[in-house]
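So this block is entry_32.pdb, PDB, C-alpha atoms, pLDDT in the B column:
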```
ATOM      1  CA  MET A 199       7.733   3.885  -0.780  1.00 61.00           C
ATOM      2  CA  ALA A 200       5.889   6.938  -2.095  1.00 72.00           C
ATOM      3  CA  SER A 201       9.197   8.702  -2.695  1.00 84.00           C
ATOM      4  CA  ILE A 202      10.421   5.761  -4.803  1.00 90.00           C
ATOM      5  CA  ARG A 203       7.268   5.918  -6.922  1.00 94.00           C
ATOM      6  CA  ALA A 204       7.745   9.663  -7.298  1.00 94.00           C
ATOM      7  CA  ALA A 205      11.389   9.137  -8.272  1.00 94.00           C
ATOM      8  CA  ILE A 206      10.343   6.632 -10.944  1.00 95.00           C
ATOM      9  CA  ARG A 207       7.799   9.108 -12.352  1.00 96.00           C
ATOM     10  CA  TYR A 208      10.381  11.908 -12.402  1.00 96.00           C
ATOM     11  CA  ALA A 209      12.964   9.608 -14.036  1.00 96.00           C
ATOM     12  CA  LYS A 210      10.562   8.513 -16.777  1.00 96.00           C
ATOM     13  CA  ALA A 211       9.513  12.105 -17.465  1.00 96.00           C
ATOM     14  CA  ILE A 212      13.124  13.290 -17.641  1.00 97.00           C
ATOM     15  CA  LEU A 213      13.985  10.374 -19.965  1.00 96.00           C
ATOM     16  CA  ASP A 214      11.076  11.286 -22.278  1.00 97.00           C
ATOM     17  CA  LEU A 215      12.240  14.903 -22.370  1.00 96.00           C
ATOM     18  CA  ALA A 216      15.878  13.903 -22.922  1.00 96.00           C
ATOM     19  CA  ASN A 217      14.894  11.506 -25.726  1.00 96.00           C
ATOM     20  CA  SER A 218      12.847  14.211 -27.434  1.00 97.00           C
ATOM     21  CA  LYS A 219      15.869  16.536 -27.334  1.00 96.00           C
ATOM     22  CA  GLY A 220      18.321  13.773 -28.327  1.00 96.00           C
ATOM     23  CA  VAL A 221      20.434  14.085 -25.159  1.00 97.00           C
ATOM     24  CA  ALA A 222      19.365  10.953 -23.248  1.00 96.00           C
ATOM     25  CA  GLU A 223      22.890   9.534 -23.101  1.00 95.00           C
ATOM     26  CA  ALA A 224      24.373  12.820 -21.847  1.00 96.00           C
ATOM     27  CA  VAL A 225      21.674  13.051 -19.180  1.00 97.00           C
ATOM     28  CA  ASN A 226      22.381   9.426 -18.221  1.00 96.00           C
ATOM     29  CA  ASN A 227      26.030  10.326 -17.679  1.00 96.00           C
ATOM     30  CA  ASP A 228      24.907  13.296 -15.558  1.00 96.00           C
ATOM     31  CA  MET A 229      22.641  11.062 -13.478  1.00 97.00           C
ATOM     32  CA  LYS A 230      25.428   8.551 -12.908  1.00 95.00           C
ATOM     33  CA  SER A 231      27.759  11.296 -11.706  1.00 96.00           C
ATOM     34  CA  ILE A 232      25.034  12.778  -9.467  1.00 96.00           C
ATOM     35  CA  ALA A 233      24.247   9.384  -7.913  1.00 95.00           C
ATOM     36  CA  SER A 234      27.940   8.700  -7.395  1.00 95.00           C
ATOM     37  CA  ALA A 235      28.582  12.126  -5.869  1.00 95.00           C
ATOM     38  CA  ILE A 236      25.673  11.823  -3.445  1.00 94.00           C
ATOM     39  CA  GLU A 237      26.627   8.268  -2.488  1.00 94.00           C
ATOM     40  CA  ASN A 238      30.307   9.053  -1.959  1.00 95.00           C
ATOM     41  CA  ASN A 239      29.976  12.477  -0.330  1.00 94.00           C
ATOM     42  CA  LEU A 240      28.294  12.387   3.073  1.00 95.00           C
ATOM     43  CA  GLU A 241      28.305  16.188   3.330  1.00 95.00           C
ATOM     44  CA  LEU A 242      26.420  16.572   0.019  1.00 94.00           C
ATOM     45  CA  SER A 243      23.978  13.819   0.927  1.00 93.00           C
ATOM     46  CA  THR A 244      23.279  15.364   4.333  1.00 95.00           C
ATOM     47  CA  PHE A 245      22.838  18.810   2.754  1.00 95.00           C
ATOM     48  CA  ILE A 246      20.293  17.538   0.216  1.00 94.00           C
ATOM     49  CA  GLN A 247      18.355  15.614   2.876  1.00 93.00           C
ATOM     50  CA  ASN A 248      18.382  18.536   5.357  1.00 94.00           C
ATOM     51  CA  PRO A 249      14.769  19.732   5.721  1.00 92.00           C
ATOM     52  CA  THR A 250      15.815  23.055   7.277  1.00 93.00           C
ATOM     53  CA  ALA A 251      18.001  24.140   4.343  1.00 92.00           C
ATOM     54  CA  LYS A 252      16.141  26.484   2.007  1.00 94.00           C
ATOM     55  CA  VAL A 253      15.311  25.047  -1.404  1.00 93.00           C
ATOM     56  CA  GLU A 254      16.779  28.145  -3.091  1.00 94.00           C
ATOM     57  CA  VAL A 255      20.122  27.402  -1.437  1.00 95.00           C
ATOM     58  CA  LYS A 256      19.925  23.736  -2.451  1.00 94.00           C
ATOM     59  CA  GLU A 257      19.212  24.608  -6.072  1.00 94.00           C
ATOM     60  CA  SER A 258      22.027  27.151  -6.337  1.00 94.00           C
ATOM     61  CA  ALA A 259      24.454  24.772  -4.599  1.00 94.00           C
ATOM     62  CA  LEU A 260      23.572  21.911  -6.956  1.00 94.00           C
ATOM     63  CA  LEU A 261      23.876  24.192  -9.982  1.00 94.00           C
ATOM     64  CA  GLU A 262      27.326  25.183  -8.750  1.00 94.00           C
ATOM     65  CA  VAL A 263      28.476  21.657  -7.873  1.00 93.00           C
ATOM     66  CA  PHE A 264      27.150  20.228 -11.134  1.00 95.00           C
ATOM     67  CA  ALA A 265      27.849  23.276 -13.304  1.00 93.00           C
ATOM     68  CA  ASN A 266      28.794  21.294 -16.423  1.00 94.00           C
ATOM     69  CA  VAL A 267      25.652  19.101 -16.621  1.00 95.00           C
ATOM     70  CA  ASN A 268      23.185  19.105 -19.501  1.00 95.00           C
ATOM     71  CA  GLY A 269      20.369  21.666 -19.647  1.00 95.00           C
ATOM     72  CA  VAL A 270      17.775  18.925 -19.093  1.00 96.00           C
ATOM     73  CA  THR A 271      19.509  17.993 -15.834  1.00 96.00           C
ATOM     74  CA  LYS A 272      19.552  21.647 -14.780  1.00 95.00           C
ATOM     75  CA  GLY A 273      15.846  21.712 -15.587  1.00 96.00           C
ATOM     76  CA  LEU A 274      15.367  18.787 -13.190  1.00 95.00           C
ATOM     77  CA  PHE A 275      17.070  20.827 -10.444  1.00 95.00           C
ATOM     78  CA  HIS A 276      14.646  23.679 -11.100  1.00 94.00           C
ATOM     79  CA  LEU A 277      11.663  21.315 -11.104  1.00 95.00           C
ATOM     80  CA  LEU A 278      12.770  19.853  -7.769  1.00 95.00           C
ATOM     81  CA  PHE A 279      13.131  23.432  -6.501  1.00 94.00           C
ATOM     82  CA  GLU A 280       9.561  24.282  -7.552  1.00 95.00           C
ATOM     83  CA  ASN A 281       8.164  21.088  -6.005  1.00 95.00           C
ATOM     84  CA  LYS A 282      10.436  21.147  -2.927  1.00 93.00           C
ATOM     85  CA  ARG A 283      11.534  17.529  -3.575  1.00 94.00           C
ATOM     86  CA  PHE A 284      15.349  17.677  -3.490  1.00 93.00           C
ATOM     87  CA  GLU A 285      15.452  14.774  -1.020  1.00 94.00           C
ATOM     88  CA  ILE A 286      14.606  12.319  -3.819  1.00 95.00           C
ATOM     89  CA  LEU A 287      17.342  13.505  -6.218  1.00 96.00           C
ATOM     90  CA  ASP A 288      19.517  10.447  -5.528  1.00 95.00           C
ATOM     91  CA  ALA A 289      16.605   8.063  -6.148  1.00 95.00           C
ATOM     92  CA  ILE A 290      15.723   9.911  -9.367  1.00 96.00           C
ATOM     93  CA  ALA A 291      19.316   9.604 -10.614  1.00 96.00           C
ATOM     94  CA  VAL A 292      19.425   5.867  -9.887  1.00 94.00           C
ATOM     95  CA  GLU A 293      15.999   5.249 -11.444  1.00 95.00           C
ATOM     96  CA  TYR A 294      16.865   7.308 -14.526  1.00 96.00           C
ATOM     97  CA  SER A 295      19.903   5.124 -15.220  1.00 94.00           C
ATOM     98  CA  ARG A 296      17.815   1.980 -14.714  1.00 92.00           C
ATOM     99  CA  VAL A 297      15.010   3.176 -17.016  1.00 95.00           C
ATOM    100  CA  TYR A 298      17.549   4.405 -19.586  1.00 95.00           C
ATOM    101  CA  ASP A 299      19.285   1.018 -19.652  1.00 92.00           C
ATOM    102  CA  GLU A 300      15.941  -0.782 -19.873  1.00 91.00           C
ATOM    103  CA  SER A 301      14.759   1.357 -22.796  1.00 93.00           C
ATOM    104  CA  ASN A 302      18.021   0.752 -24.674  1.00 93.00           C
ATOM    105  CA  GLY A 303      18.034  -3.018 -24.138  1.00 89.00           C
ATOM    106  CA  ILE A 304      20.974  -2.875 -21.741  1.00 89.00           C
ATOM    107  CA  GLU A 305      21.009  -5.305 -18.853  1.00 88.00           C
ATOM    108  CA  ILE A 306      23.336  -5.188 -15.872  1.00 88.00           C
ATOM    109  CA  ALA A 307      25.053  -8.387 -14.832  1.00 89.00           C
ATOM    110  CA  LYS A 308      26.227  -8.261 -11.236  1.00 92.00           C
ATOM    111  CA  VAL A 309      29.234 -10.501 -10.745  1.00 93.00           C
ATOM    112  CA  THR A 310      30.316 -11.016  -7.144  1.00 94.00           C
ATOM    113  CA  THR A 311      33.870 -12.265  -6.743  1.00 93.00           C
ATOM    114  CA  ALA A 312      36.267 -12.653  -3.820  1.00 92.00           C
ATOM    115  CA  ILE A 313      38.850 -10.434  -5.535  1.00 93.00           C
ATOM    116  CA  PRO A 314      38.429  -7.710  -8.202  1.00 93.00           C
ATOM    117  CA  MET A 315      38.070  -9.031 -11.761  1.00 91.00           C
ATOM    118  CA  ASP A 316      40.802  -8.228 -14.257  1.00 90.00           C
ATOM    119  CA  ALA A 317      40.106  -7.329 -17.897  1.00 88.00           C
ATOM    120  CA  ALA A 318      40.729 -10.874 -19.174  1.00 87.00           C
ATOM    121  CA  LEU A 319      38.265 -12.434 -16.738  1.00 83.00           C
ATOM    122  CA  GLU A 320      35.713  -9.729 -17.475  1.00 87.00           C
ATOM    123  CA  ALA A 321      35.987 -10.496 -21.210  1.00 85.00           C
ATOM    124  CA  LYS A 322      35.422 -14.219 -20.542  1.00 83.00           C
ATOM    125  CA  VAL A 323      32.386 -13.477 -18.366  1.00 83.00           C
ATOM    126  CA  LEU A 324      30.952 -11.147 -21.027  1.00 85.00           C
ATOM    127  CA  ALA A 325      31.429 -13.843 -23.689  1.00 83.00           C
ATOM    128  CA  LYS A 326      29.609 -16.416 -21.548  1.00 79.00           C
ATOM    129  CA  ILE A 327      26.788 -14.008 -20.696  1.00 83.00           C
ATOM    130  CA  ALA A 328      26.349 -13.188 -24.398  1.00 81.00           C
ATOM    131  CA  THR A 329      25.337 -16.815 -24.973  1.00 81.00           C
ATOM    132  CA  LEU A 330      22.689 -16.529 -22.237  1.00 77.00           C
ATOM    133  CA  SER A 331      21.123 -13.167 -23.107  1.00 78.00           C
ATOM    134  CA  ASP A 332      20.327 -11.352 -26.338  1.00 80.00           C
ATOM    135  CA  LYS A 333      20.556  -7.931 -24.669  1.00 84.00           C
ATOM    136  CA  LYS A 334      23.599  -5.703 -24.386  1.00 87.00           C
ATOM    137  CA  ILE A 335      25.252  -6.529 -21.076  1.00 88.00           C
ATOM    138  CA  THR A 336      27.296  -4.335 -18.770  1.00 87.00           C
ATOM    139  CA  ILE A 337      29.155  -5.923 -15.881  1.00 90.00           C
ATOM    140  CA  GLU A 338      29.109  -4.568 -12.366  1.00 91.00           C
ATOM    141  CA  ASN A 339      31.770  -6.259 -10.246  1.00 93.00           C
ATOM    142  CA  ILE A 340      31.062  -6.572  -6.526  1.00 94.00           C
ATOM    143  CA  VAL A 341      33.954  -7.708  -4.350  1.00 94.00           C
ATOM    144  CA  ASP A 342      32.954  -9.843  -1.354  1.00 95.00           C
ATOM    145  CA  ALA A 343      35.737 -11.827   0.303  1.00 93.00           C
ATOM    146  CA  SER A 344      33.201 -13.903   2.265  1.00 94.00           C
ATOM    147  CA  ILE A 345      32.428 -16.019  -0.823  1.00 94.00           C
ATOM    148  CA  ILE A 346      36.029 -17.315  -0.524  1.00 93.00           C
ATOM    149  CA  GLY A 347      36.395 -18.028  -4.259  1.00 90.00           C
ATOM    150  CA  GLY A 348      34.404 -18.612  -7.418  1.00 87.00           C
ATOM    151  CA  PHE A 349      31.664 -16.162  -8.353  1.00 89.00           C
ATOM    152  CA  ILE A 350      27.984 -15.308  -8.090  1.00 92.00           C
ATOM    153  CA  LEU A 351      26.357 -14.103 -11.319  1.00 90.00           C
ATOM    154  CA  ARG A 352      23.059 -12.226 -11.187  1.00 91.00           C
ATOM    155  CA  ILE A 353      21.252 -11.086 -14.344  1.00 87.00           C
ATOM    156  CA  GLY A 354      17.806  -9.663 -13.789  1.00 81.00           C
ATOM    157  CA  ASP A 355      15.977 -12.105 -11.540  1.00 83.00           C
ATOM    158  CA  GLN A 356      18.245 -15.067 -12.337  1.00 85.00           C
ATOM    159  CA  GLN A 357      21.202 -16.021 -10.182  1.00 90.00           C
ATOM    160  CA  TYR A 358      23.958 -18.584 -10.634  1.00 88.00           C
ATOM    161  CA  ASN A 359      26.001 -19.244  -7.498  1.00 92.00           C
ATOM    162  CA  ALA A 360      29.351 -20.906  -8.165  1.00 89.00           C
ATOM    163  CA  SER A 361      31.050 -19.643  -5.024  1.00 93.00           C
ATOM    164  CA  VAL A 362      33.226 -21.775  -2.771  1.00 94.00           C
ATOM    165  CA  ALA A 363      31.184 -20.635   0.241  1.00 94.00           C
ATOM    166  CA  ASN A 364      28.000 -21.953  -1.423  1.00 94.00           C
ATOM    167  CA  ARG A 365      29.636 -25.289  -2.253  1.00 94.00           C
ATOM    168  CA  LEU A 366      30.820 -25.620   1.356  1.00 94.00           C
ATOM    169  CA  GLN A 367      27.301 -24.850   2.600  1.00 94.00           C
ATOM    170  CA  VAL A 368      25.831 -27.523   0.293  1.00 94.00           C
ATOM    171  CA  LEU A 369      28.423 -30.038   1.485  1.00 94.00           C
ATOM    172  CA  LYS A 370      27.667 -29.171   5.119  1.00 94.00           C
ATOM    173  CA  ARG A 371      23.933 -29.798   4.527  1.00 94.00           C
ATOM    174  CA  GLU A 372      24.616 -33.126   2.836  1.00 93.00           C
ATOM    175  CA  LEU A 373      26.878 -34.297   5.634  1.00 93.00           C
ATOM    176  CA  SER A 374      24.429 -33.284   8.365  1.00 91.00           C
ATOM    177  CA  ASN A 375      21.574 -35.309   6.775  1.00 79.00           C
TER     178      ASN A 375
END
```

Just give me the structure of the file as structure tokens.
Amino acid sequence: MASIRAAIRYAKAILDLANSKGVAEAVNNDMKSIASAIENNLELSTFIQNPTAKVEVKESALLEVFANVNGVTKGLFHLLFENKRFEILDAIAVEYSRVYDESNGIEIAKVTTAIPMDAALEAKVLAKIATLSDKKITIENIVDASIIGGFILRIGDQQYNASVANRLQVLKRELSN
């Protein structure tokens, strides 16, 4: 829990610095690629989390792996080196993207479907969401075959469940009463 709070503080500070230098979007792209790389590469994730690896080695490795990132992002690596906090890099990257989106009025709509959405369906969903929210919306498609069909739409703390699995569950409850 404390590491999440620390990650939020780091993310907000990095966003303030990036905004002051006019590179917030570039840093956001860096953070997305860092979060993706750590999530998809078990070896990198294990290396960053390894408490026995020297922080100097971690910093030089990250600077080599992410050689083409913005100077503000490289500054974050150095700050984590000084504070010996590389283990929260993934959380910082995720929180930075969240805070960046929030500050720019961008909201993420998570759409869970049984099969991947195509471009036409995504356009229809975006059009419908635009009538519900005045913010800029980006869609994150989650594929979950267990919902059988339909979709589950989640925007912020609101959820609309139009899945076949949910309808079957409702029908089952009605029949058992």

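Checking A:Glu223, A:Glu262, A:Glu300, A:Glu237 one by one against Phe275 (chain A), counting only C-alpha atoms, you find the shortest gap at A:Glu262.
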
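Here CA of Ser361 (chain A) stands at a distance of 10.6 Å from CA of Ala343 (chain A).
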
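Take CA of Ala224 (chain A) and CA of Thr271 (chain A): the distance between them is 9.3 Å.
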
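Distance annotation: of A:Ile246, A:Leu351, A:Ile212, A:Ile304, the residue with the minimal separation from Ile327 (chain A) is A:Leu351; atom set is all atoms listed in the file.
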
| task | List the residues selected by the PyMOL selection byres ((chain A and resi 209) around 8) in the file shown, writing them as number ranges by chain. | result | A: 205-208, 210-213, 290-291, 293-294, 297

Would you put the residues from that selection into a file with C-alpha atoms, as a PDB file, in the coordinates of the input?
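And here's out06.pdb as it stands now:
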```pdb
ATOM      1  CA  ALA A 205      11.389   9.137  -8.272  1.00 94.00           C
ATOM      2  CA  ILE A 206      10.343   6.632 -10.944  1.00 95.00           C
ATOM      3  CA  ARG A 207       7.799   9.108 -12.352  1.00 96.00           C
ATOM      4  CA  TYR A 208      10.381  11.908 -12.402  1.00 96.00           C
ATOM      5  CA  LYS A 210      10.562   8.513 -16.777  1.00 96.00           C
ATOM      6  CA  ALA A 211       9.513  12.105 -17.465  1.00 96.00           C
ATOM      7  CA  ILE A 212      13.124  13.290 -17.641  1.00 97.00           C
ATOM      8  CA  LEU A 213      13.985  10.374 -19.965  1.00 96.00           C
ATOM      9  CA  ILE A 290      15.723   9.911  -9.367  1.00 96.00           C
ATOM     10  CA  ALA A 291      19.316   9.604 -10.614  1.00 96.00           C
ATOM     11  CA  GLU A 293      15.999   5.249 -11.444  1.00 95.00           C
ATOM     12  CA  TYR A 294      16.865   7.308 -14.526  1.00 96.00           C
ATOM     13  CA  VAL A 297      15.010   3.176 -17.016  1.00 95.00           C
TER      14      VAL A 297
END
```

Find the residues around His276 (chain A) up to 12 Å (all atoms listed in the file counted), leave out those fewer than 3 positions away in its own chain, and share them as an mmCIF file with C-alpha atoms, in the frame of the given file.
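See result-v1.cif below for the written result:
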```cif
data_model
loop_
_atom_site.group_PDB
_atom_site.id
_atom_site.type_symbol
_atom_site.label_atom_id
_atom_site.label_comp_id
_atom_site.auth_asym_id
_atom_site.auth_seq_id
_atom_site.Cartn_x
_atom_site.Cartn_y
_atom_site.Cartn_z
ATOM 1 C CA VAL A 253 15.311 25.047 -1.404
ATOM 2 C CA GLU A 254 16.779 28.145 -3.091
ATOM 3 C CA VAL A 255 20.122 27.402 -1.437
ATOM 4 C CA LYS A 256 19.925 23.736 -2.451
ATOM 5 C CA GLU A 257 19.212 24.608 -6.072
ATOM 6 C CA SER A 258 22.027 27.151 -6.337
ATOM 7 C CA ALA A 259 24.454 24.772 -4.599
ATOM 8 C CA LEU A 260 23.572 21.911 -6.956
ATOM 9 C CA LEU A 261 23.876 24.192 -9.982
ATOM 10 C CA GLY A 269 20.369 21.666 -19.647
ATOM 11 C CA VAL A 270 17.775 18.925 -19.093
ATOM 12 C CA THR A 271 19.509 17.993 -15.834
ATOM 13 C CA LYS A 272 19.552 21.647 -14.780
ATOM 14 C CA GLY A 273 15.846 21.712 -15.587
ATOM 15 C CA PHE A 279 13.131 23.432 -6.501
ATOM 16 C CA GLU A 280 9.561 24.282 -7.552
ATOM 17 C CA ASN A 281 8.164 21.088 -6.005
ATOM 18 C CA LYS A 282 10.436 21.147 -2.927
ATOM 19 C CA ARG A 283 11.534 17.529 -3.575
ATOM 20 C CA PHE A 284 15.349 17.677 -3.490
ATOM 21 C CA LEU A 287 17.342 13.505 -6.218
#
```
